[in-house]
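Chemist: final.cif is the file, holding mmCIF, C-alpha atoms:
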data_input
#
loop_
_atom_site.label_atom_id
_atom_site.label_comp_id
_atom_site.auth_asym_id
_atom_site.auth_seq_id
_atom_site.Cartn_x
_atom_site.Cartn_y
_atom_site.Cartn_z
CA MET A 1 -0.22 162.31 -70.10
CA ASN A 2 0.53 163.81 -66.68
CA VAL A 3 0.96 161.00 -64.15
CA PHE A 4 0.87 161.57 -60.39
CA LEU A 5 3.10 158.92 -58.80
CA THR A 6 3.44 158.10 -55.13
CA GLY A 7 6.39 156.06 -53.88
CA ALA A 8 8.69 157.25 -56.67
CA SER A 9 11.69 157.18 -54.33
CA GLY A 10 11.09 153.54 -53.48
CA PHE A 11 12.44 150.43 -55.18
CA ILE A 12 9.44 149.57 -57.38
CA GLY A 13 8.32 153.19 -57.68
CA GLY A 14 11.69 154.17 -59.12
CA TYR A 15 11.33 151.66 -61.94
CA ILE A 16 7.76 152.82 -62.59
CA LYS A 17 8.96 156.43 -62.85
CA GLN A 18 11.65 155.45 -65.36
CA ALA A 19 9.25 153.40 -67.48
CA VAL A 20 6.52 156.06 -67.52
CA GLU A 21 8.96 158.81 -68.48
CA LYS A 22 10.57 156.60 -71.14
CA ALA A 23 7.08 156.06 -72.60
CA GLY A 24 6.85 159.83 -73.12
CA HIS A 25 4.68 160.82 -70.15
CA THR A 26 5.31 163.46 -67.49
CA VAL A 27 5.66 162.25 -63.90
CA ILE A 28 4.69 164.40 -60.94
CA THR A 29 5.89 162.80 -57.72
CA HIS A 30 4.19 162.87 -54.33
CA SER A 31 5.99 164.52 -51.43
CA TYR A 32 5.94 162.40 -48.29
CA SER A 33 3.32 163.31 -45.73
CA LYS A 34 3.38 161.90 -42.20
CA GLN A 35 -0.40 162.19 -42.19
CA GLY A 36 -0.59 160.02 -45.29
CA THR A 37 -3.40 162.08 -46.82
CA PHE A 38 -3.85 165.26 -48.80
CA SER A 39 -6.89 167.25 -49.77
CA LYS A 40 -6.32 167.86 -53.47
CA LEU A 41 -4.42 166.43 -56.42
CA PRO A 42 -2.08 168.76 -58.33
CA PRO A 43 -3.76 170.50 -61.29
CA GLY A 44 -3.61 168.93 -64.73
CA ILE A 45 -3.28 165.30 -63.57
CA ASP A 46 -4.53 162.65 -66.01
CA LEU A 47 -3.67 159.48 -64.06
CA VAL A 48 -2.65 158.48 -60.53
CA VAL A 49 -0.31 155.57 -59.72
CA ASN A 50 0.10 154.56 -56.09
CA SER A 51 3.26 152.51 -55.50
CA ALA A 52 3.86 153.81 -51.99
CA GLY A 53 3.73 151.42 -49.07
CA ARG A 54 5.31 150.34 -45.82
CA LEU A 55 6.47 146.76 -45.41
CA GLY A 56 5.95 144.93 -42.16
CA GLY A 57 8.78 144.03 -39.81
CA GLN A 58 11.95 146.09 -39.36
CA GLY A 59 10.35 148.02 -36.52
CA ALA A 60 7.31 149.16 -38.49
CA THR A 61 4.51 150.30 -36.17
CA ASP A 62 0.81 149.68 -36.70
CA GLU A 63 0.35 153.42 -37.20
CA GLU A 64 3.02 153.57 -39.91
CA LEU A 65 1.50 150.59 -41.73
CA ASN A 66 -2.00 152.05 -41.55
CA THR A 67 -0.85 155.50 -42.69
CA ALA A 68 1.11 154.29 -45.72
CA ASN A 69 -0.97 151.30 -46.74
CA VAL A 70 -4.53 152.42 -45.96
CA LEU A 71 -4.90 156.17 -45.38
CA LEU A 72 -2.82 157.22 -48.38
CA PRO A 73 -4.43 154.99 -51.06
CA VAL A 74 -7.93 155.62 -49.71
CA SER A 75 -7.29 159.37 -49.81
CA LEU A 76 -6.06 159.03 -53.39
CA GLY A 77 -9.11 156.99 -54.29
CA LYS A 78 -11.45 159.67 -52.97
CA GLN A 79 -9.67 162.35 -54.96
CA CYS A 80 -9.74 160.22 -58.11
CA GLU A 81 -13.44 159.52 -57.67
CA LYS A 82 -14.19 163.24 -57.34
CA THR A 83 -12.24 164.14 -60.46
CA GLY A 84 -12.94 161.06 -62.62
CA ILE A 85 -9.24 160.18 -62.79
CA HIS A 86 -8.14 156.55 -63.10
CA LEU A 87 -6.14 155.10 -60.17
CA ILE A 88 -3.58 152.31 -60.50
CA HIS A 89 -2.94 150.87 -57.05
CA LEU A 90 -0.16 148.40 -56.22
CA SER A 91 -1.18 145.79 -53.68
CA THR A 92 0.15 142.28 -52.99
CA PRO A 93 -0.92 138.66 -53.63
CA GLY A 94 -0.46 138.26 -49.86
CA VAL A 95 -4.00 139.57 -49.39
CA THR A 96 -5.23 136.07 -50.30
CA GLY A 97 -2.90 134.46 -47.80
CA LEU A 98 -0.31 131.74 -47.96
CA SER A 99 -1.62 129.53 -50.72
CA ALA A 100 -0.42 127.94 -53.95
CA ASN A 101 -1.65 129.24 -57.30
CA ALA A 102 -4.04 131.75 -55.70
CA GLY A 103 -6.08 133.74 -58.19
CA GLU A 104 -7.66 137.16 -58.14
CA LYS A 105 -11.00 135.70 -57.05
CA SER A 106 -9.52 133.83 -54.07
CA ARG A 107 -10.97 135.00 -50.77
CA TYR A 108 -9.10 137.46 -48.60
CA ASP A 109 -6.96 135.63 -46.04
CA PRO A 110 -4.11 137.94 -44.93
CA MET A 111 -1.26 136.36 -42.97
CA GLY A 112 0.29 139.41 -41.28
CA GLU A 113 -0.22 143.07 -40.37
CA TYR A 114 1.17 144.29 -43.70
CA GLU A 115 -1.26 142.10 -45.62
CA PHE A 116 -4.14 143.13 -43.32
CA THR A 117 -3.59 146.79 -44.23
CA LYS A 118 -3.41 145.93 -47.93
CA VAL A 119 -6.73 144.09 -47.66
CA GLU A 120 -8.36 147.08 -45.98
CA ALA A 121 -7.10 149.43 -48.69
CA GLU A 122 -8.37 147.15 -51.46
CA LYS A 123 -11.80 146.84 -49.88
CA GLN A 124 -12.24 150.58 -49.46
CA LEU A 125 -10.93 151.39 -52.94
CA ILE A 126 -13.19 148.81 -54.60
CA SER A 127 -16.18 150.26 -52.74
CA ASN A 128 -15.45 153.92 -53.44
CA CYS A 129 -13.37 154.22 -56.62
CA LEU A 130 -14.93 153.34 -59.98
CA GLU A 131 -11.92 154.06 -62.21
CA LEU A 132 -9.55 151.57 -60.62
CA THR A 133 -6.88 149.01 -61.46
CA ILE A 134 -5.29 146.93 -58.70
CA LEU A 135 -2.00 145.19 -59.47
CA ARG A 136 -0.64 142.54 -57.11
CA PRO A 137 3.08 141.98 -57.86
CA ASP A 138 4.49 138.71 -56.48
CA PHE A 139 7.90 138.36 -54.69
CA VAL A 140 9.62 141.25 -56.47
CA PHE A 141 13.38 141.30 -57.16
CA GLY A 142 15.78 143.49 -59.12
CA PRO A 143 18.78 145.78 -59.02
CA GLY A 144 18.46 148.23 -56.14
CA ASP A 145 16.33 145.98 -53.95
CA MET A 146 17.63 146.04 -50.37
CA HIS A 147 14.68 144.12 -48.95
CA LYS A 148 15.82 140.90 -50.67
CA PHE A 149 19.54 141.60 -50.18
CA PRO A 150 19.83 139.29 -47.12
CA LEU A 151 18.90 136.39 -49.40
CA PHE A 152 21.79 137.22 -51.74
CA ARG A 153 24.15 137.84 -48.83
CA GLN A 154 23.36 134.41 -47.38
CA VAL A 155 24.13 132.68 -50.69
CA HIS A 156 27.35 134.71 -50.89
CA LYS A 157 28.47 133.15 -47.60
CA GLY A 158 28.58 129.82 -49.41
CA TRP A 159 25.86 128.04 -47.46
CA PHE A 160 22.11 128.33 -47.35
CA PRO A 161 19.64 126.96 -44.76
CA LEU A 162 16.54 125.29 -46.14
CA VAL A 163 13.23 124.71 -44.46
CA GLY A 164 12.93 120.98 -44.94
CA SER A 165 14.14 120.14 -48.44
CA GLY A 166 13.68 123.66 -49.81
CA SER A 167 10.85 122.51 -52.05
CA ALA A 168 8.48 125.37 -51.19
CA ARG A 169 7.56 127.17 -54.40
CA THR A 170 7.45 130.88 -55.17
CA ARG A 171 7.16 133.14 -58.23
CA PRO A 172 10.07 135.62 -58.48
CA THR A 173 9.10 138.81 -60.33
CA ASP A 174 11.36 141.46 -61.84
CA ALA A 175 10.54 145.02 -60.79
CA ARG A 176 10.93 146.11 -64.41
CA ASP A 177 8.14 143.72 -65.39
CA VAL A 178 5.97 145.31 -62.71
CA ALA A 179 6.65 148.70 -64.30
CA ASP A 180 5.64 147.28 -67.69
CA ALA A 181 2.39 146.04 -66.13
CA VAL A 182 1.70 149.56 -64.86
CA LEU A 183 2.06 150.92 -68.40
CA MET A 184 -0.38 148.27 -69.60
CA SER A 185 -2.85 149.52 -66.96
CA PHE A 186 -3.09 153.03 -68.38
CA PRO A 187 -6.59 154.02 -69.57
CA GLY A 188 -7.47 152.20 -72.77
CA LYS A 189 -4.70 149.62 -72.34
CA ALA A 190 -5.16 145.86 -71.86
CA LEU A 191 -4.95 145.80 -68.05
CA SER A 192 -7.00 148.93 -67.42
CA GLY A 193 -9.71 148.18 -64.87
CA GLY A 194 -9.91 145.22 -62.49
CA ILE A 195 -7.53 143.22 -60.32
CA TYR A 196 -4.48 141.45 -61.73
CA ASN A 197 -1.79 139.26 -60.22
CA ILE A 198 1.57 140.19 -61.72
CA GLY A 199 4.33 137.60 -61.63
CA GLY A 200 7.45 136.36 -63.35
CA PRO A 201 7.46 133.61 -65.99
CA ASP A 202 8.60 130.79 -63.69
CA VAL A 203 7.48 129.14 -60.47
CA LEU A 204 10.66 128.08 -58.63
CA THR A 205 11.46 126.29 -55.41
CA VAL A 206 13.37 128.19 -52.73
CA LYS A 207 16.34 125.92 -53.43
CA GLU A 208 16.21 126.79 -57.14
CA VAL A 209 16.08 130.51 -56.33
CA ALA A 210 19.25 130.17 -54.25
CA GLN A 211 20.90 128.12 -57.03
CA TYR A 212 20.16 130.83 -59.61
CA ILE A 213 21.71 133.40 -57.28
CA SER A 214 24.82 131.25 -56.78
CA VAL A 215 25.22 130.86 -60.56
CA ALA A 216 24.89 134.64 -60.98
CA MET A 217 27.66 135.07 -58.40
CA GLY A 218 29.84 132.43 -60.03
CA LYS A 219 30.30 130.52 -56.81
CA SER A 220 29.04 127.31 -55.29
CA VAL A 221 26.63 127.11 -52.38
CA ARG A 222 26.03 124.33 -49.90
CA PHE A 223 22.54 123.68 -48.66
CA LEU A 224 21.73 122.92 -45.06
CA PRO A 225 18.32 121.23 -44.81
CA ILE A 226 16.77 121.87 -41.41
CA PRO A 227 13.68 119.93 -40.27
CA ARG A 228 10.56 122.04 -40.03
CA PHE A 229 10.06 121.23 -36.36
CA VAL A 230 13.42 122.89 -35.59
CA PHE A 231 12.25 126.17 -37.15
CA ARG A 232 8.91 125.96 -35.33
CA THR A 233 10.64 125.26 -32.03
CA ALA A 234 13.01 128.22 -32.50
CA LEU A 235 10.06 130.54 -33.10
CA MET A 236 8.64 129.54 -29.71
CA PHE A 237 11.60 131.16 -27.93
CA GLY A 238 10.33 134.70 -28.61
CA PRO A 239 13.12 137.22 -27.82
CA LEU A 240 15.63 134.37 -27.77
CA CYS A 241 14.71 133.33 -31.31
CA PRO A 242 17.69 133.50 -33.73
CA LYS A 243 18.06 136.87 -35.43
CA GLY A 244 16.42 137.03 -38.85
CA LEU A 245 13.99 134.22 -38.18
CA SER A 246 10.33 135.16 -38.05
CA LYS A 247 7.01 133.43 -38.55
CA SER A 248 6.46 135.23 -41.86
CA ARG A 249 9.90 134.21 -43.16
CA TYR A 250 9.33 130.64 -42.08
CA GLN A 251 6.04 130.65 -43.98
CA LEU A 252 7.55 132.37 -47.01
CA PHE A 253 10.44 129.93 -47.39
CA GLY A 254 8.77 126.86 -45.96
CA MET A 255 5.40 126.72 -47.71
CA ASP A 256 4.13 127.05 -51.27
CA ARG A 257 3.24 130.67 -51.94
CA PHE A 258 2.83 131.85 -55.50
CA CYS A 259 0.04 133.55 -57.37
CA ASN A 260 -1.76 132.50 -60.53
CA THR A 261 -1.04 134.98 -63.34
CA ASP A 262 -3.33 133.55 -66.05
CA LYS A 263 -5.71 136.53 -66.00
CA ALA A 264 -3.00 139.07 -66.86
CA ARG A 265 -1.36 136.69 -69.33
CA ASN A 266 -4.67 136.19 -71.14
CA LYS A 267 -4.86 139.97 -71.48
CA GLY A 268 -1.46 140.03 -73.17
CA PHE A 269 0.91 140.71 -70.28
CA ILE A 270 3.95 138.47 -70.77
CA PRO A 271 6.81 139.06 -68.30
CA ALA A 272 10.04 139.58 -70.20
CA ARG A 273 12.62 138.66 -67.57
CA SER A 274 13.37 135.24 -66.12
CA PHE A 275 14.78 135.05 -62.61
CA GLY A 276 18.13 133.93 -63.99
CA LEU A 277 18.50 137.29 -65.76
CA THR A 278 17.15 139.23 -62.78
CA ALA A 279 19.62 137.53 -60.43
CA VAL A 280 22.57 138.47 -62.65
CA ASP A 281 21.50 142.12 -62.81
CA ALA A 282 20.89 142.23 -59.05
CA VAL A 283 24.26 140.65 -58.23
CA ASN A 284 26.02 143.15 -60.52
CA TRP A 285 24.26 146.03 -58.76
CA TYR A 286 25.17 144.75 -55.30
CA ARG A 287 28.77 144.46 -56.41
CA GLU A 288 28.78 147.97 -57.86
CA GLN A 289 27.56 149.19 -54.46
CA ARG A 290 30.31 147.09 -52.80
CA LEU A 291 27.74 145.14 -50.83
CA LEU A 292 29.06 141.80 -52.05
#
Show how you would write the structure in this file as structure tokens.
Modeler:
Amino acid sequence: MNVFLTGASGFIGGYIKQAVEKAGHTVITHSYSKQGTFSKLPPGIDLVVNSAGRLGGQGATDEELNTANVLLPVSLGKQCEKTGIHLIHLSTPGVTGLSANAGEKSRYDPMGEYEFTKVEAEKQLISNCLELTILRPDFVFGPGDMHKFPLFRQVHKGWFPLVGSGSARTRPTDARDVADAVLMSFPGKALSGGIYNIGGPDVLTVKEVAQYISVAMGKSVRFLPIPRFVFRTALMFGPLCPKGLSKSRYQLFGMDRFCNTDKARNKGFIPARSFGLTAVDAVNWYREQRLL
């Protein structure tokens, strides 16, 4: 099968490319376009996988978010609809907001600009693309991930600030499990067609996530519980707010946010990697890159 893959140079996209090629398929990658759209798919394509996207923060503009997260997938969807090709689109559980155990049928309730663009893409794809699978990977980790590196770096310092007691829960997900879910979304496979939350096997507290990372590093970490009102007060200072602290990070590490994965599990998708294993592999990679 000839698979057209966007975002192949990215963290998750790289693992998807490896998995698809290992499964015996040919991958044709998408060259970056500042316009975010193109008029025609390459000839001979049997399947399209969209793993491209632009995360919020880090100086991302509204135009960049809209181009990568809305214009590109919608353009792909139109091309797939014209040609009858199946589209696998990677979204995020964040489209249903900051809630515990949110399922695929939960109402849209985006919490930030990134999630708003993901909602818009989903809505347009669902309306215009019949051959469609939407995967929503939750809190993705793995070797090569620089977006989560600050979390590992903080643990490496030997102390870790907690919002309150650090009891907010999340569902860490290995990028390699996301790639496996993509393979299970190929036409005729168990996850082909529909919307599926994709997540790791365990729901962990933020404190437990940091503890797993410290064990993977072979060093102890001290926790510094900080009352929630201190974080909220700091956010009120705008430009004077401490570096690295943002409303989205406060929500991510201070409130329950994990998706319900029963639908995919009932279809036979069982994530193979616990966060303990993922943390070890990630720490080893960071050390190989001399980042830790």
Chemist: Can you pull out every residue within 8 Å of range 100-106 of chain A, counting all atoms listed in the file, but drop anything in the same chain fewer than 4 positions away, and send it as a CSV table (one decimal) with C-alpha atoms, in the coordinates of the input?
Modeler:
chain,number,residue,atom,x,y,z
A,93,PRO,CA,-0.9,138.7,-53.6
A,96,THR,CA,-5.2,136.1,-50.3
A,195,ILE,CA,-7.5,143.2,-60.3
A,196,TYR,CA,-4.5,141.4,-61.7
A,197,ASN,CA,-1.8,139.3,-60.2
A,256,ASP,CA,4.1,127.0,-51.3
A,257,ARG,CA,3.2,130.7,-51.9
A,258,PHE,CA,2.8,131.8,-55.5
A,259,CYS,CA,0.0,133.6,-57.4
A,260,ASN,CA,-1.8,132.5,-60.5
A,261,THR,CA,-1.0,135.0,-63.3
Chemist: So which residues touch Glu208 in chain A within 12 Å, counting only C-alpha atoms, skipping near sequence neighbours fewer than 6 positions away, as an MDAnalysis selection string?
Modeler: chainID A and resid 155 160 162 165:172 202 214:215 221 223 253 275:276 279
Chemist: Report the distance between CA of Arg287 in chain A and CA of Met217 in chain A in Å, rounded to one decimal place.
Modeler: 9.7 Å
Chemist: I'd like to see the residues matched by the PyMOL selection byres ((chain A and resi 12-26) around 7) on this file, and ideally I'd get them as a PyMOL selection string.
Modeler: chain A and resi 1-3+7-11+27-28+51+175-176+179+183
Chemist: What box, with edges along x, y and z, holds each listed atom of range 16-27 of chain A when 8 Å is added on every side, and can you state its centre and edge lengths in Å to one decimal, as JSON?
Modeler:
{"center_x": 8.2, "center_y": 158.1, "center_z": -67.9, "size_x": 23.0, "size_y": 26.6, "size_z": 26.5}
Chemist: Kindly indicate which residue among A:Gly193, A:Pro187, A:Gly77, A:Pro43 lies nearest to Glu122 in chain A, using all atoms listed in the file for the distances.
Modeler: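 Closest candidate: A:Gly77.
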Chemist: Do you know which residues are at most 8 Å from Ser274 in chain A counting only C-alpha atoms, after dropping those on the same chain fewer than 4 positions away, and could you put them as a list of chain:residue names?
Modeler: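 My list of contacting residues is A:Asp174, A:Gly200, A:Pro201, A:Asp202, A:Thr278.
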Chemist: Taking into account only C-alpha atoms, which residue in the set A:Ser192, A:Thr6, A:Gln154, A:Asn266 is nearest to Glu131 in chain A?
Modeler: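 With only C-alpha atoms as the atom set, the closest residue is A:Ser192.
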